[in-house]
file start00.txt (compact mmCIF, C-alpha atoms)
# COMPACT_ATOMS: atom_id res chain seq x y z
CA MET A 139 -148.89 -72.76 77.89
CA TYR A 140 -152.34 -71.33 77.36
CA ARG A 141 -153.39 -73.78 74.61
CA ILE A 142 -154.20 -76.76 76.84
CA TRP A 143 -157.80 -75.70 77.41
CA ASN A 144 -159.37 -78.33 75.16
CA PHE A 145 -157.22 -81.11 76.56
CA VAL A 146 -158.03 -80.11 80.13
CA THR A 147 -161.78 -79.83 79.59
CA GLU A 148 -161.96 -83.22 77.85
CA TYR A 149 -159.80 -84.80 80.55
CA SER A 150 -161.91 -83.21 83.29
CA LEU A 151 -165.27 -84.21 81.86
CA LEU A 152 -164.32 -87.86 81.41
CA LEU A 153 -162.69 -88.12 84.83
CA ILE A 154 -165.58 -86.41 86.60
CA GLY A 155 -168.00 -88.56 84.60
CA GLY A 156 -166.33 -91.73 85.82
CA ALA A 157 -166.24 -90.44 89.39
CA LEU A 158 -169.92 -89.44 89.37
CA ILE A 159 -171.00 -92.80 87.97
CA ALA A 160 -168.96 -94.49 90.70
CA LEU A 161 -170.47 -92.35 93.47
CA VAL A 162 -174.04 -92.97 92.34
CA TRP A 163 -173.45 -96.68 91.72
CA ALA A 164 -171.71 -97.27 95.07
CA ASN A 165 -174.55 -95.62 96.96
CA VAL A 166 -177.39 -97.26 95.00
CA ASP A 167 -176.01 -100.80 94.70
CA PRO A 168 -172.69 -101.13 96.55
CA ASP A 169 -172.45 -104.91 96.17
CA SER A 170 -172.53 -104.87 92.37
CA TYR A 171 -170.15 -101.88 92.29
CA HIS A 172 -167.52 -103.59 94.43
CA HIS A 173 -167.98 -106.78 92.44
CA LEU A 174 -167.05 -104.83 89.30
CA VAL A 175 -164.07 -103.08 90.90
CA HIS A 176 -162.56 -106.33 92.18
CA TYR A 177 -163.65 -108.44 89.23
CA ALA A 178 -161.09 -111.21 88.59
CA LEU A 179 -159.88 -110.89 85.01
CA TRP A 180 -157.28 -113.65 85.37
CA VAL A 181 -156.75 -116.08 88.24
CA ASP A 182 -153.21 -117.48 88.60
CA ALA A 183 -151.87 -114.51 86.64
CA PRO A 184 -148.15 -113.60 86.64
CA ILE A 185 -149.05 -110.17 88.04
CA GLY A 186 -151.80 -108.96 90.34
CA VAL A 187 -152.89 -109.19 93.96
CA MET A 188 -152.99 -112.20 96.23
CA GLU A 189 -156.58 -113.33 96.85
CA GLU A 190 -158.26 -116.43 98.16
CA HIS A 191 -160.13 -118.45 95.53
CA ASP A 192 -161.57 -121.91 96.16
CA GLY A 193 -159.88 -122.04 99.55
CA ALA A 194 -156.38 -121.33 98.25
CA LEU A 195 -154.29 -118.21 97.66
CA HIS A 196 -153.84 -117.18 94.03
CA ARG A 197 -152.31 -114.22 92.29
CA VAL A 198 -155.24 -112.50 90.59
CA LEU A 199 -155.31 -109.77 87.95
CA THR A 200 -158.32 -107.67 88.98
CA LEU A 201 -159.87 -104.75 87.15
CA HIS A 202 -158.74 -102.45 89.97
CA PHE A 203 -155.13 -103.66 89.69
CA LEU A 204 -155.16 -103.38 85.90
CA ILE A 205 -156.24 -99.74 86.00
CA ASN A 206 -154.47 -98.44 89.13
CA ASP A 207 -151.19 -100.34 88.86
CA GLY A 208 -151.02 -100.96 85.12
CA LEU A 209 -152.79 -98.47 82.90
CA MET A 210 -152.24 -95.48 85.20
CA ALA A 211 -148.53 -95.88 84.41
CA LEU A 212 -149.35 -94.16 81.09
CA PHE A 213 -150.85 -91.17 82.93
CA PHE A 214 -147.83 -90.84 85.21
CA ALA A 215 -145.52 -91.20 82.21
CA MET A 216 -147.24 -88.24 80.53
CA ALA A 217 -146.95 -86.19 83.73
CA ALA A 218 -143.28 -87.19 84.08
CA LYS A 219 -142.60 -86.21 80.48
CA GLU A 220 -143.88 -82.68 81.11
CA VAL A 221 -141.94 -82.41 84.38
CA TRP A 222 -138.73 -83.68 82.80
CA GLU A 223 -138.98 -81.29 79.84
CA ALA A 224 -139.65 -78.39 82.20
CA VAL A 225 -136.48 -79.22 84.14
CA ALA A 226 -134.06 -80.45 81.45
CA LEU A 227 -134.81 -78.79 78.09
CA SER A 228 -133.98 -75.34 76.81
CA GLY A 229 -136.84 -72.99 77.64
CA GLY A 230 -138.06 -75.29 80.39
CA SER A 231 -140.36 -73.56 82.83
CA LEU A 232 -138.57 -74.98 85.89
CA ARG A 233 -135.12 -73.80 84.81
CA GLY A 234 -133.29 -70.78 86.17
CA ARG A 235 -134.14 -68.01 88.58
CA LYS A 236 -137.65 -67.49 87.21
CA ALA A 237 -138.74 -70.79 88.71
CA LEU A 238 -137.35 -70.27 92.22
CA THR A 239 -140.35 -68.49 93.76
CA PRO A 240 -142.95 -71.03 92.58
CA LEU A 241 -140.59 -73.87 93.52
CA ILE A 242 -140.23 -72.53 97.05
CA ALA A 243 -143.99 -71.94 97.19
CA THR A 244 -144.43 -75.58 96.16
CA LEU A 245 -142.44 -76.67 99.21
CA GLY A 246 -144.87 -74.69 101.35
CA GLY A 247 -147.78 -76.15 99.42
CA MET A 248 -146.59 -79.63 100.41
CA ALA A 249 -145.36 -78.90 103.95
CA GLY A 250 -148.46 -76.94 104.97
CA PRO A 251 -150.96 -79.75 104.28
CA VAL A 252 -148.75 -82.32 106.02
CA ALA A 253 -148.47 -80.09 109.11
CA VAL A 254 -152.23 -79.44 109.26
CA TYR A 255 -153.15 -83.08 108.61
CA LEU A 256 -150.75 -84.57 111.16
CA GLY A 257 -151.34 -81.77 113.68
CA LEU A 258 -155.11 -82.26 113.67
CA ALA A 259 -154.71 -86.04 113.72
CA ALA A 260 -152.50 -85.74 116.82
CA VAL A 261 -154.99 -83.42 118.54
CA LEU A 262 -157.81 -85.88 117.81
CA GLY A 263 -155.71 -88.80 119.04
CA MET A 264 -155.91 -90.53 115.65
CA LEU A 265 -152.28 -90.39 114.58
CA ASN A 266 -151.75 -94.15 114.77
CA THR A 267 -154.88 -94.80 112.71
CA VAL A 268 -154.62 -92.18 109.97
CA GLY A 269 -150.99 -91.03 110.11
CA ARG A 270 -150.05 -93.01 107.01
CA GLY A 271 -152.29 -90.77 104.92
CA TRP A 272 -150.15 -87.65 105.47
CA ALA A 273 -149.26 -87.39 101.77
CA ILE A 274 -152.86 -87.37 100.49
CA PRO A 275 -153.38 -83.58 100.86
CA THR A 276 -149.98 -82.72 99.34
CA ALA A 277 -151.38 -83.33 95.83
CA THR A 278 -152.34 -80.67 93.29
CA ASP A 279 -154.35 -81.74 90.27
CA ILE A 280 -152.74 -79.95 87.30
CA ALA A 281 -155.74 -80.11 84.98
CA PHE A 282 -158.44 -79.08 87.45
CA SER A 283 -156.25 -76.38 88.98
CA TYR A 284 -155.60 -74.93 85.55
CA LEU A 285 -159.30 -75.11 84.70
CA VAL A 286 -160.33 -73.22 87.86
CA GLY A 287 -157.33 -70.88 87.68
CA ARG A 288 -158.38 -69.79 84.22
CA MET A 289 -161.91 -69.12 85.46
CA VAL A 290 -160.58 -67.06 88.38
CA PHE A 291 -157.64 -65.18 86.88
CA GLY A 292 -158.34 -65.29 83.15
CA ALA A 293 -156.24 -67.00 80.50
CA ARG A 294 -153.35 -64.52 80.44
CA HIS A 295 -152.94 -63.49 84.05
CA PRO A 296 -149.32 -64.13 85.19
CA ALA A 297 -150.68 -66.09 88.15
CA ILE A 298 -151.69 -68.84 85.68
CA GLY A 299 -148.06 -69.44 84.73
CA PHE A 300 -147.11 -69.38 88.41
CA LEU A 301 -149.86 -71.90 89.19
CA LEU A 302 -148.75 -74.24 86.40
CA LEU A 303 -145.12 -74.15 87.53
CA LEU A 304 -146.25 -74.91 91.07
CA ALA A 305 -148.49 -77.78 89.92
CA ILE A 306 -145.74 -79.33 87.76
CA ALA A 307 -143.26 -79.19 90.64
CA ASP A 308 -145.93 -80.56 92.98
CA ASP A 309 -146.40 -83.53 90.64
CA ALA A 310 -142.66 -84.18 90.67
CA GLY A 311 -142.69 -84.14 94.47
CA GLY A 312 -145.74 -86.40 94.50
CA LEU A 313 -144.03 -88.97 92.28
CA ALA A 314 -141.02 -88.96 94.61
CA ILE A 315 -143.25 -89.41 97.67
CA LEU A 316 -145.06 -92.34 96.05
CA ALA A 317 -141.80 -94.03 95.17
CA VAL A 318 -140.13 -93.56 98.55
CA PHE A 319 -142.91 -93.71 101.15
CA TYR A 320 -145.55 -95.96 99.58
CA PRO A 321 -144.01 -99.18 98.31
CA SER A 322 -146.61 -101.64 97.04
CA GLY A 323 -145.04 -104.64 98.77
CA GLU A 324 -141.86 -105.88 100.37
CA VAL A 325 -139.05 -103.80 98.88
CA ALA A 326 -136.54 -105.75 96.77
CA PRO A 327 -134.24 -103.05 95.31
CA ALA A 328 -132.28 -105.52 93.16
CA TRP A 329 -135.23 -105.67 90.76
CA LEU A 330 -134.69 -102.00 89.95
CA LEU A 331 -131.61 -103.12 88.03
CA LEU A 332 -134.03 -104.56 85.47
CA SER A 333 -135.64 -101.11 85.06
CA LEU A 334 -132.23 -99.47 84.84
CA ALA A 335 -131.00 -102.02 82.30
CA ALA A 336 -134.15 -101.54 80.20
CA ALA A 337 -133.75 -97.75 80.18
CA VAL A 338 -130.00 -97.79 79.45
CA GLY A 339 -130.36 -100.58 76.87
CA VAL A 340 -133.11 -98.92 74.85
CA TRP A 341 -131.39 -95.52 75.04
CA PHE A 342 -128.15 -97.03 73.74
CA GLY A 343 -129.63 -99.36 71.13
CA ALA A 344 -132.53 -97.34 69.76
CA ASN A 345 -131.48 -93.74 70.48
CA TRP A 346 -127.72 -93.14 70.82
CA LEU A 347 -126.40 -95.86 68.49
CA PRO A 348 -128.46 -94.93 65.40
CA ARG A 349 -127.41 -91.29 65.76
CA ARG A 350 -123.80 -92.38 66.19
CA LEU A 351 -123.97 -94.54 63.07
CA ASP A 352 -125.41 -91.62 61.11
CA GLY A 353 -122.04 -89.91 61.59
CA GLY A 354 -123.43 -86.51 60.66
CA ARG A 355 -124.67 -87.69 57.25
CA ALA A 356 -127.48 -85.69 55.70
CA GLY A 357 -130.87 -87.31 56.07
CA ARG A 358 -129.73 -89.37 59.07
CA PRO A 359 -130.25 -92.70 57.26
CA VAL A 360 -129.84 -95.03 60.23
CA SER A 361 -132.00 -92.95 62.58
CA SER A 362 -134.63 -92.59 59.86
CA TRP A 363 -134.64 -96.35 59.27
CA ALA A 364 -135.03 -97.04 62.99
CA ARG A 365 -137.83 -94.51 63.28
CA ARG A 366 -139.64 -95.87 60.20
CA TYR A 367 -139.37 -99.61 60.81
CA LEU A 368 -138.98 -99.90 64.58
CA GLY A 369 -141.01 -96.89 65.67
CA ALA A 370 -141.90 -96.90 69.35
CA TRP A 371 -141.73 -100.69 69.77
CA PRO A 372 -138.27 -100.82 71.42
CA TYR A 373 -139.57 -98.37 74.04
CA VAL A 374 -142.78 -100.35 74.50
CA VAL A 375 -140.72 -103.47 75.26
CA ALA A 376 -138.37 -101.51 77.53
CA GLY A 377 -141.38 -99.94 79.28
CA ALA A 378 -142.89 -103.37 79.97
CA LEU A 379 -139.58 -104.58 81.44
CA SER A 380 -139.19 -101.44 83.55
CA TRP A 381 -142.78 -101.72 84.80
CA TYR A 382 -142.16 -105.34 85.80
CA GLY A 383 -138.94 -104.31 87.56
CA PHE A 384 -140.87 -101.78 89.68
CA TYR A 385 -143.59 -104.34 90.35
CA CYS A 386 -141.12 -106.96 91.59
CA ALA A 387 -139.09 -104.35 93.49
CA GLY A 388 -142.13 -103.53 95.63
CA LEU A 389 -142.34 -99.93 94.39
CA HIS A 390 -145.64 -98.80 92.99
CA PRO A 391 -145.65 -100.12 89.40
CA ALA A 392 -147.66 -97.12 88.16
CA LEU A 393 -144.31 -95.29 88.29
CA GLY A 394 -142.59 -98.00 86.28
CA LEU A 395 -142.40 -96.10 82.99
CA LEU A 396 -140.56 -93.10 84.43
CA PRO A 397 -137.02 -94.39 83.71
CA ILE A 398 -137.95 -94.95 80.04
CA VAL A 399 -139.31 -91.44 79.45
CA VAL A 400 -135.86 -89.83 79.53
CA ALA A 401 -134.48 -92.45 77.11
CA ILE A 402 -136.90 -91.60 74.28
CA PRO A 403 -135.64 -89.24 71.51
CA HIS A 404 -136.95 -85.78 72.26
CA SER A 405 -136.93 -82.21 71.01
CA GLU A 406 -134.36 -79.73 72.25
CA HIS A 407 -136.87 -77.15 73.42
CA ASP A 408 -139.78 -77.18 75.87
CA PHE A 409 -142.81 -75.32 74.52
CA GLY A 410 -144.79 -75.60 77.77
CA ILE A 411 -147.10 -78.09 79.42
CA PHE A 412 -149.25 -79.88 76.81
CA ALA A 413 -148.39 -77.07 74.36
CA GLU A 414 -150.18 -76.96 71.02
CA HIS A 415 -146.82 -76.46 69.25
CA GLU A 416 -145.75 -79.97 70.27
CA ARG A 417 -148.33 -81.39 67.88
CA TYR A 418 -146.04 -80.36 65.03
CA SER A 419 -142.86 -81.72 66.63
CA THR A 420 -141.42 -84.76 64.86
CA ASP A 421 -139.52 -86.17 67.84
CA LEU A 422 -140.67 -89.56 69.08
CA LEU A 423 -141.39 -88.45 72.66
CA ASN A 424 -143.95 -85.82 71.63
CA SER A 425 -145.43 -88.19 69.02
CA ILE A 426 -145.95 -90.85 71.68
CA GLU A 427 -147.52 -88.34 74.07
CA HIS A 428 -150.02 -87.13 71.50
CA ALA A 429 -150.87 -90.72 70.54
CA LEU A 430 -151.58 -91.46 74.21
CA LYS A 431 -153.82 -88.48 74.98
CA ILE A 432 -157.15 -90.08 74.07
CA PRO A 433 -156.29 -93.50 75.64
CA VAL A 434 -155.16 -91.72 78.82
CA GLN A 435 -158.40 -89.75 78.99
CA LEU A 436 -160.33 -93.03 78.84
CA ILE A 437 -157.99 -94.56 81.43
CA LEU A 438 -158.68 -91.62 83.74
CA MET A 439 -162.41 -92.17 83.32
CA GLY A 440 -161.83 -95.79 84.33
CA PHE A 441 -159.68 -94.60 87.23
CA GLY A 442 -162.51 -92.39 88.48
CA LEU A 443 -164.93 -95.30 88.06
CA VAL A 444 -162.95 -97.83 90.14
CA ASN A 445 -161.69 -95.41 92.80
CA ALA A 446 -164.36 -92.81 93.50
CA GLY A 447 -167.14 -95.22 94.46
CA VAL A 448 -167.46 -94.30 98.12
CA GLU A 449 -170.65 -94.56 100.14
CA PHE A 450 -171.66 -91.28 101.76
CA GLY A 451 -171.84 -93.08 105.08
CA ALA A 452 -168.04 -93.37 104.93
CA ILE A 453 -167.63 -89.66 105.71
CA SER A 454 -165.75 -89.45 109.00
CA ALA A 455 -162.72 -87.82 110.64
CA PRO A 456 -160.17 -88.82 107.93
CA THR A 457 -162.39 -87.04 105.38
CA TRP A 458 -162.12 -83.76 107.23
CA LEU A 459 -158.40 -84.23 107.89
CA VAL A 460 -157.77 -84.48 104.15
CA VAL A 461 -160.06 -81.52 103.43
CA ALA A 462 -158.39 -79.41 106.14
CA GLY A 463 -154.93 -80.33 104.88
CA LEU A 464 -155.85 -79.19 101.37
CA VAL A 465 -158.14 -76.22 102.02
CA ILE A 466 -156.20 -74.78 104.99
CA GLY A 467 -152.69 -76.18 104.65
CA LYS A 468 -152.22 -75.53 100.90
CA PRO A 469 -153.11 -71.82 100.85
CA LEU A 470 -151.28 -71.21 104.12
CA GLY A 471 -148.09 -72.96 103.02
CA ILE A 472 -148.06 -71.44 99.54
CA THR A 473 -148.72 -67.95 100.89
CA LEU A 474 -146.06 -68.07 103.61
CA PHE A 475 -143.34 -69.72 101.53
CA GLY A 476 -144.21 -67.64 98.45
CA TRP A 477 -144.03 -64.42 100.49
CA PHE A 478 -140.70 -65.51 101.99
CA ALA A 479 -139.26 -66.23 98.53
CA ALA A 480 -140.62 -63.06 96.91
CA ARG A 481 -139.86 -60.61 99.72
CA GLY A 482 -137.58 -62.32 102.21
CA LEU A 483 -135.19 -63.69 99.58
CA GLY A 484 -135.84 -60.89 97.10
CA LEU A 485 -136.73 -63.27 94.26
CA GLY A 486 -139.90 -61.40 93.37
CA LEU A 487 -143.03 -62.50 91.53
CA PRO A 488 -143.88 -62.57 87.81
CA GLN A 489 -144.60 -59.11 86.41
CA GLY A 490 -148.26 -58.27 86.93
CA MET A 491 -148.71 -60.66 89.87
CA ALA A 492 -149.12 -59.30 93.40
CA LEU A 493 -148.61 -60.85 96.83
CA ARG A 494 -152.38 -60.77 97.37
CA ASP A 495 -152.68 -63.30 94.53
CA LEU A 496 -150.73 -65.93 96.50
CA PRO A 497 -153.58 -67.01 98.85
CA LEU A 498 -155.88 -67.36 95.83
CA VAL A 499 -153.30 -69.46 94.00
CA GLY A 500 -153.13 -71.59 97.14
CA ILE A 501 -156.91 -72.10 97.20
CA VAL A 502 -156.91 -73.12 93.53
CA ALA A 503 -153.97 -75.49 94.14
CA ALA A 504 -155.97 -77.14 96.96
CA ILE A 505 -157.82 -79.21 94.35
CA GLY A 506 -156.11 -82.56 94.87
CA PHE A 507 -158.67 -84.91 93.27
CA THR A 508 -156.85 -87.28 90.85
CA VAL A 509 -153.50 -87.69 92.61
CA ALA A 510 -155.09 -87.42 96.07
CA LEU A 511 -157.45 -90.29 95.17
CA PHE A 512 -154.48 -92.31 93.95
CA VAL A 513 -152.44 -91.71 97.12
CA ALA A 514 -155.45 -92.55 99.31
CA ALA A 515 -155.77 -95.87 97.48
CA VAL A 516 -152.14 -96.79 98.25
CA ALA A 517 -151.86 -95.20 101.70
CA PHE A 518 -154.60 -97.26 103.35
CA PRO A 519 -155.89 -100.80 102.83
CA ALA A 520 -159.42 -101.11 101.45
CA GLY A 521 -161.92 -100.29 104.16
CA GLU A 522 -163.48 -97.49 106.16
CA VAL A 523 -160.38 -95.31 106.55
CA GLN A 524 -159.51 -95.48 102.84
CA ASP A 525 -163.10 -94.68 101.85
CA ALA A 526 -163.20 -91.73 104.24
CA ALA A 527 -159.89 -90.39 102.89
CA LYS A 528 -161.12 -90.78 99.30
CA MET A 529 -164.20 -88.76 100.16
CA GLY A 530 -161.88 -85.99 101.35
CA ALA A 531 -160.10 -86.10 97.98
CA LEU A 532 -163.46 -85.80 96.22
CA PHE A 533 -164.52 -82.91 98.47
CA SER A 534 -161.35 -81.04 97.46
CA LEU A 535 -163.21 -80.11 94.27
CA GLY A 536 -165.11 -77.69 96.52
CA SER A 537 -161.99 -75.51 96.46
CA ALA A 538 -163.20 -74.37 93.04
CA VAL A 539 -166.19 -72.67 94.68
CA LEU A 540 -163.99 -71.21 97.43
CA ALA A 541 -161.59 -69.83 94.81
CA ILE A 542 -164.38 -68.13 92.85
CA VAL A 543 -165.82 -66.57 96.02
CA ALA A 544 -162.36 -65.46 97.21
CA ALA A 545 -161.63 -63.90 93.82
CA ARG A 546 -164.80 -61.83 94.12
CA LEU A 547 -163.92 -60.73 97.65
CA LEU A 548 -160.34 -59.85 96.65
CA ARG A 549 -161.61 -58.14 93.48
CA VAL A 550 -159.18 -59.96 91.25
CA GLU A 551 -159.26 -58.61 87.71
CA ARG A 552 -159.38 -61.36 85.09
CA VAL A 553 -156.85 -60.95 82.29
CA GLN A 554 -158.06 -62.33 78.97
call {"tool": "encode", "arguments": {"input": "start00.txt", "output": "structure tokens"}}
result
Amino acid sequence: MYRIWNFVTEYSLLLIGGALIALVWANVDPDSYHHLVHYALWVDAPIGVMEEHDGALHRVLTLHFLINDGLMALFFAMAAKEVWEAVALSGGSLRGRKALTPLIATLGGMAGPVAVYLGLAAVLGMLNTVGRGWAIPTATDIAFSYLVGRMVFGARHPAIGFLLLLAIADDAGGLAILAVFYPSGEVAPAWLLLSLAAAVGVWFGANWLPRRLDGGRAGRPVSSWARRYLGAWPYVVAGALSWYGFYCAGLHPALGLLPIVVAIPHSEHDFGIFAEHERYSTDLLNSIEHALKIPVQLILMGFGLVNAGVEFGAISAPTWLVVAGLVIGKPLGITLFGWFAARGLGLGLPQGMALRDLPLVGIVAAIGFTVALFVAAVAFPAGEVQDAAKMGALFSLGSAVLAIVAARLLRVERVQ
């Protein structure tokens, strides 16, 4: 669990690099920036967004659609893989009693921001305008939170494990919110049968059947043949079909690979989020994840580039609603729900972690950035409100400074 430092720093630098380029570009030459973001890669494409070209409506594959709706599916698949292993495999960090306190704290970390965001919006009389963005401040960015948490607590403080469990569960909740509350178009649930058929078909044909045909024979000849000659291709085809099923169903297609993740042959044990040990695992799921790490880092740089380009003049009330939801709602919700779980329900905290660490964990978890940017992009149509909400997601990085200051005030001892 503590060996993801290199992955996180590389991920962070590329993502921040893309976001900084976008911010500078959008404020220096906004016209050329927006021309790039909405650049038409393919007019009359089978997938994309409806746009007017030459006086007629066409389906257009834009750079923004390719990254946000297409390539980001690989990022969410990696996140889903870690969440699924944490829940389903032996040794998973979200299994059993040990996970109950951070899971309950996660509920507070999602409910608190929603309450603050909607409460302030109602007081300001803006509920009808910005209410749809309630889910933006529920996000916790795993990588950035880990990065800051390590700076604040040290690599081996028990609060780091607590923070990672909370962030993983938060991601699972975020995926569910995206799927249920933010469809990308008119919902047509029948198309989900295509995703289901793709997942069941590839699991049966490329996973279960070869193992069944092996019949316990040494060397697993059929499974070995399938692995050697077919590799990941059956799952690539199934992933494309599942993605298209989500796209046609009106659900956000970036979630389209999730049904396929659980169908891929996997290890029997979870070593922890992005654990170094998984590099030596021979199962196909871990092999695919490690093959995707560098492409996903580049995709996240592209994501920052096409989403973070907001003009500073866009800062307005929605910006501060998102910031308040994250900076106030997250720590408050995590602290109250975590205290209730640890003391009220008697579930306790990890050995070496104190109740006074909960508010600091909440401040660190208030870094929404990546997922908050993504939710802002789907919650509001392009325009002033979306730009203002995105700026709030970017400002959430300021929680890193707040966390460092709070750690000094609380005299938290770093554990290396």
call {"tool": "atom_distance", "arguments": {"input": "start00.txt", "atom1": "atom CA of A:Asn345", "atom2": "atom CA of A:Val375"}}
result
14.2 Å
call {"tool": "atom_distance", "arguments": {"input": "start00.txt", "atom1": "atom CA of A:Leu153", "atom2": "atom CA of A:Met439"}}
result
4.3 Å
call {"tool": "residues_around", "arguments": {"input": "start00.txt", "residues": "stretch 195-200 of chain A", "least_positions_apart": "3", "cutoff": "8 Å", "atoms": "all atoms listed in the file", "output": "number ranges by chain"}}
result
A: 175-191, 203-204
call {"tool": "closest_residue", "arguments": {"input": "start00.txt", "among": "A:Ile280, A:Phe291, A:Leu395, A:Leu459", "to": "A:Ala260", "atoms": "all atoms listed in the file"}}
result
A:Leu459
call {"tool": "residues_around", "arguments": {"input": "start00.txt", "residues": "stretch 158-174 of chain A", "least_positions_apart": "4", "cutoff": "8 Å", "atoms": "only C-alpha atoms", "output": "MDAnalysis selection string"}}
result
chainID A and resid 154 201 442:450
call {"tool": "residues_around", "arguments": {"input": "start00.txt", "residues": "A:Ala370", "least_positions_apart": "4", "cutoff": "12 Å", "atoms": "only C-alpha atoms", "output": "JSON, numbers by chain"}}
result
{"A": [340, 344, 345, 364, 365, 366, 374, 375, 376, 377, 398, 399, 401, 402, 403, 421, 422, 423, 424, 425, 426, 427, 429]}
call {"tool": "closest_residue", "arguments": {"input": "start00.txt", "among": "A:Ala317, A:Met210, A:Ala249, A:Leu303", "to": "A:Pro488", "atoms": "all atoms listed in the file"}}
result
A:Leu303
call {"tool": "residues_near_point", "arguments": {"input": "start00.txt", "point": "(-155.6, -82.5, 90.1)", "cutoff": "7 Å", "atoms": "all atoms listed in the file", "output": "PDB file with C-alpha atoms, keeping the file's coordinate frame"}}
result
ATOM      1  CA  THR A 278    -152.340 -80.670  93.290  1.00  0.00           C
ATOM      2  CA  ASP A 279    -154.350 -81.740  90.270  1.00  0.00           C
ATOM      3  CA  ILE A 280    -152.740 -79.950  87.300  1.00  0.00           C
ATOM      4  CA  ALA A 281    -155.740 -80.110  84.980  1.00  0.00           C
ATOM      5  CA  PHE A 282    -158.440 -79.080  87.450  1.00  0.00           C
ATOM      6  CA  SER A 283    -156.250 -76.380  88.980  1.00  0.00           C
ATOM      7  CA  ILE A 505    -157.820 -79.210  94.350  1.00  0.00           C
ATOM      8  CA  GLY A 506    -156.110 -82.560  94.870  1.00  0.00           C
ATOM      9  CA  PHE A 507    -158.670 -84.910  93.270  1.00  0.00           C
ATOM     10  CA  THR A 508    -156.850 -87.280  90.850  1.00  0.00           C
ATOM     11  CA  VAL A 509    -153.500 -87.690  92.610  1.00  0.00           C
TER      12      VAL A 509
END
call {"tool": "atom_distance", "arguments": {"input": "start00.txt", "atom1": "atom CA of A:Ser150", "atom2": "atom CA of A:Lys236"}}
result
29.2 Å
call {"tool": "closest_residue", "arguments": {"input": "start00.txt", "among": "A:Ser362, A:Gln489, A:Ser228, A:Gln524", "to": "A:Phe512", "atoms": "all atoms listed in the file"}}
result
A:Gln524
call {"tool": "closest_residue", "arguments": {"input": "start00.txt", "among": "A:Val338, A:Val543, A:Ile453, A:Ala378", "to": "A:Leu393", "atoms": "only C-alpha atoms"}}
result
A:Ala378
call {"tool": "closest_residue", "arguments": {"input": "start00.txt", "among": "A:Leu464, A:Asn206, A:Met216, A:Pro240", "to": "A:Leu430", "atoms": "only C-alpha atoms"}}
result
A:Met216
call {"tool": "closest_residue", "arguments": {"input": "start00.txt", "among": "A:Gly467, A:Gly353, A:Gly156, A:Gly311", "to": "A:Gly500", "atoms": "only C-alpha atoms"}}
result
A:Gly467
call {"tool": "residues_around", "arguments": {"input": "start00.txt", "residues": "A:Ser322", "least_positions_apart": "4", "cutoff": "8 Å", "atoms": "only C-alpha atoms", "output": "number ranges by chain"}}
result
A: 385, 388-391, 516
call {"tool": "residues_around", "arguments": {"input": "start00.txt", "residues": "A:Ala259", "least_positions_apart": "4", "cutoff": "9 Å", "atoms": "only C-alpha atoms", "output": "ChimeraX atom specification"}}
result
/A:254-255,263-269,455-456,459
call {"tool": "write_last_selection", "arguments": {"input": "start00.txt", "atoms": "C-alpha atoms", "output": "PDB file, in the coordinates of the input"}}
result
ATOM      1  CA  VAL A 254    -152.230 -79.440 109.260  1.00  0.00           C
ATOM      2  CA  TYR A 255    -153.150 -83.080 108.610  1.00  0.00           C
ATOM      3  CA  GLY A 263    -155.710 -88.800 119.040  1.00  0.00           C
ATOM      4  CA  MET A 264    -155.910 -90.530 115.650  1.00  0.00           C
ATOM      5  CA  LEU A 265    -152.280 -90.390 114.580  1.00  0.00           C
ATOM      6  CA  ASN A 266    -151.750 -94.150 114.770  1.00  0.00           C
ATOM      7  CA  THR A 267    -154.880 -94.800 112.710  1.00  0.00           C
ATOM      8  CA  VAL A 268    -154.620 -92.180 109.970  1.00  0.00           C
ATOM      9  CA  GLY A 269    -150.990 -91.030 110.110  1.00  0.00           C
ATOM     10  CA  ALA A 455    -162.720 -87.820 110.640  1.00  0.00           C
ATOM     11  CA  PRO A 456    -160.170 -88.820 107.930  1.00  0.00           C
ATOM     12  CA  LEU A 459    -158.400 -84.230 107.890  1.00  0.00           C
TER      13      LEU A 459
END
